[in-house]
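S.K.: Before I ask anything, let me first share the structure, which is written out below as structure tokens.
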Amino acid sequence: MSSRNAGRLLNPGTLIITPGDREDLIMMILNEDSKNSSRGHLAGVVLTDGILPHESVMELIRQRSIPFISTPADVSSATTTIARMTVKTEVGDSDKIGLIQKLIQDHVQIDRIIELVNQQDPNSDQQLNLGM
């Protein structure tokens with residue numbers, strides 16, 4: 001669909017799957033994100049067909065907090081693969097659990113979270129702001 005019509009689909013938590021050369025759509029996503037950062041972000045954008053946008057667009061992507069990923073799969077195959085994914089983690093998923101532990105170790109500031117939790121007034125109704 002055109003970027004003009006796709007704008008109505010940009011809700012928090014939505015995953016957009018589009019060919020990597022749809023720079024009009026990608027720019028619309030980036031522009032909407034910068035205008036509406038307070039309303040919540042998309043879950044991410046999957047760029048298909050092994051195509052990446054022009055380097056100037058890639059630089060804008062790197063500056064935003066929306067996750068982008070590229071795949072050699074076409075739109076239909078990527079959509080089908082994602083729709084069939086099981087994202088829950090079960091007790092026996094040792095590979096997945098190991099990966100989760102590594103991601104947390106590498107990317108989560110656990111000491112900072114503990115520090116902020118310890119500073120919070122237990123009688124306060126305010127939510128904890130992790131400053132992320």
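Residue numbers start at 1 in each chain; chains themselves are named A, B, ... in the order of the structure tokens; ligands are numbered from 1 in the order shown.
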Quick check for you: according to DSSP on this backbone, which residues of region 2-129 of chain A are classed as helix (DSSP H, G or I)? Reply as an MDAnalysis selection string.
M.R.: chainID A and resid 3:9 23:35 37:39 55:63 75:83 94:107 110:119
S.K.: Using only C-alpha atoms, determine which residues lie at most 12 Å from Glu59 (chain A), disregarding the query and same-chain residues fewer than 4 positions distant; provide the list as a list of chain:residue names.
M.R.: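 So, after excluding close chain neighbours, the residues are A:Met27, A:Leu30, A:Leu52, A:Pro53, A:His54, A:Glu55, A:Gln63, A:Arg64, A:Phe68.
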S.K.: Next, the residues of the selection above should be written as a PDB file, in the first residue's frame with N, CA, C and O atoms.
M.R.:
```pdb
ATOM      1  N   MET A  27      10.670   6.326   5.007  1.00  0.00           N
ATOM      2  CA  MET A  27      10.778   7.729   5.426  1.00  0.00           C
ATOM      3  C   MET A  27       9.520   8.178   6.169  1.00  0.00           C
ATOM      4  O   MET A  27       9.600   8.912   7.158  1.00  0.00           O
ATOM      5  N   LEU A  30       9.821   6.816   9.663  1.00  0.00           N
ATOM      6  CA  LEU A  30      10.806   7.580  10.437  1.00  0.00           C
ATOM      7  C   LEU A  30      10.276   8.960  10.799  1.00  0.00           C
ATOM      8  O   LEU A  30      10.477   9.437  11.925  1.00  0.00           O
ATOM      9  N   LEU A  52      18.555  -3.046   1.037  1.00  0.00           N
ATOM     10  CA  LEU A  52      18.647  -1.981   2.037  1.00  0.00           C
ATOM     11  C   LEU A  52      18.403  -0.647   1.351  1.00  0.00           C
ATOM     12  O   LEU A  52      18.771  -0.458   0.193  1.00  0.00           O
ATOM     13  N   PRO A  53      17.805   0.290   2.061  1.00  0.00           N
ATOM     14  CA  PRO A  53      17.596   1.613   1.474  1.00  0.00           C
ATOM     15  C   PRO A  53      18.925   2.342   1.275  1.00  0.00           C
ATOM     16  O   PRO A  53      19.975   1.908   1.758  1.00  0.00           O
ATOM     17  N   HIS A  54      18.863   3.466   0.603  1.00  0.00           N
ATOM     18  CA  HIS A  54      20.028   4.303   0.359  1.00  0.00           C
ATOM     19  C   HIS A  54      20.729   4.613   1.679  1.00  0.00           C
ATOM     20  O   HIS A  54      20.108   4.677   2.735  1.00  0.00           O
ATOM     21  N   GLU A  55      22.034   4.821   1.635  1.00  0.00           N
ATOM     22  CA  GLU A  55      22.824   5.060   2.837  1.00  0.00           C
ATOM     23  C   GLU A  55      22.316   6.251   3.646  1.00  0.00           C
ATOM     24  O   GLU A  55      22.357   6.232   4.883  1.00  0.00           O
ATOM     25  N   GLN A  63      19.674   6.442  13.719  1.00  0.00           N
ATOM     26  CA  GLN A  63      19.452   7.486  14.717  1.00  0.00           C
ATOM     27  C   GLN A  63      18.150   7.296  15.495  1.00  0.00           C
ATOM     28  O   GLN A  63      17.917   7.995  16.466  1.00  0.00           O
ATOM     29  N   ARG A  64      17.295   6.399  15.066  1.00  0.00           N
ATOM     30  CA  ARG A  64      15.994   6.199  15.706  1.00  0.00           C
ATOM     31  C   ARG A  64      16.018   4.973  16.604  1.00  0.00           C
ATOM     32  O   ARG A  64      16.912   4.139  16.525  1.00  0.00           O
ATOM     33  N   PHE A  68      15.021  -2.105  13.195  1.00  0.00           N
ATOM     34  CA  PHE A  68      14.930  -2.495  11.790  1.00  0.00           C
ATOM     35  C   PHE A  68      15.766  -3.754  11.612  1.00  0.00           C
ATOM     36  O   PHE A  68      16.824  -3.896  12.222  1.00  0.00           O
TER      37      PHE A  68
END
```
S.K.: Excluding Met1 (chain A) and its own-chain neighbours fewer than 5 positions away, which residues fall within 10 Å of it when counting only C-alpha atoms? Please give them as a short mmCIF file (atom, residue, chain, number, x, y, z; two decimals) with all heavy atoms, in the first residue's frame.
M.R.:
```cif
data_model
loop_
_atom_site.label_atom_id
_atom_site.label_comp_id
_atom_site.auth_asym_id
_atom_site.auth_seq_id
_atom_site.Cartn_x
_atom_site.Cartn_y
_atom_site.Cartn_z
N ALA A 6 -0.67 3.84 4.41
CA ALA A 6 -0.06 3.03 5.46
C ALA A 6 0.07 3.79 6.78
O ALA A 6 0.15 3.17 7.84
CB ALA A 6 1.32 2.54 5.02
N GLY A 7 0.05 5.10 6.72
CA GLY A 7 0.20 5.91 7.94
C GLY A 7 -0.81 5.57 9.02
O GLY A 7 -0.50 5.61 10.21
N THR A 18 8.09 -4.74 4.83
CA THR A 18 8.09 -4.04 3.54
C THR A 18 9.40 -4.30 2.80
O THR A 18 10.44 -4.53 3.42
CB THR A 18 7.90 -2.52 3.76
OG1 THR A 18 7.81 -1.88 2.49
CG2 THR A 18 9.03 -1.91 4.55
N LEU A 25 7.93 4.65 2.11
CA LEU A 25 7.29 4.10 3.31
C LEU A 25 8.23 4.19 4.51
O LEU A 25 7.82 4.57 5.61
CB LEU A 25 6.87 2.65 3.05
CG LEU A 25 6.11 1.95 4.15
CD1 LEU A 25 4.84 2.71 4.52
CD2 LEU A 25 5.77 0.53 3.73
#
```
S.K.: Could you check which of A:Thr79, A:Ser65, A:Asn5, A:Thr48 is closest to Met28 (chain A), using only C-alpha atoms?
M.R.: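 Going through A:Thr79, A:Ser65, A:Asn5, A:Thr48 one by one, the smallest distance to Met28 (chain A) is for A:Asn5.
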S.K.: What's the separation between CA of Gly44 (chain A) and CA of Pro67 (chain A), in Å to one decimal place?
M.R.: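 The value is 4.7 Å.
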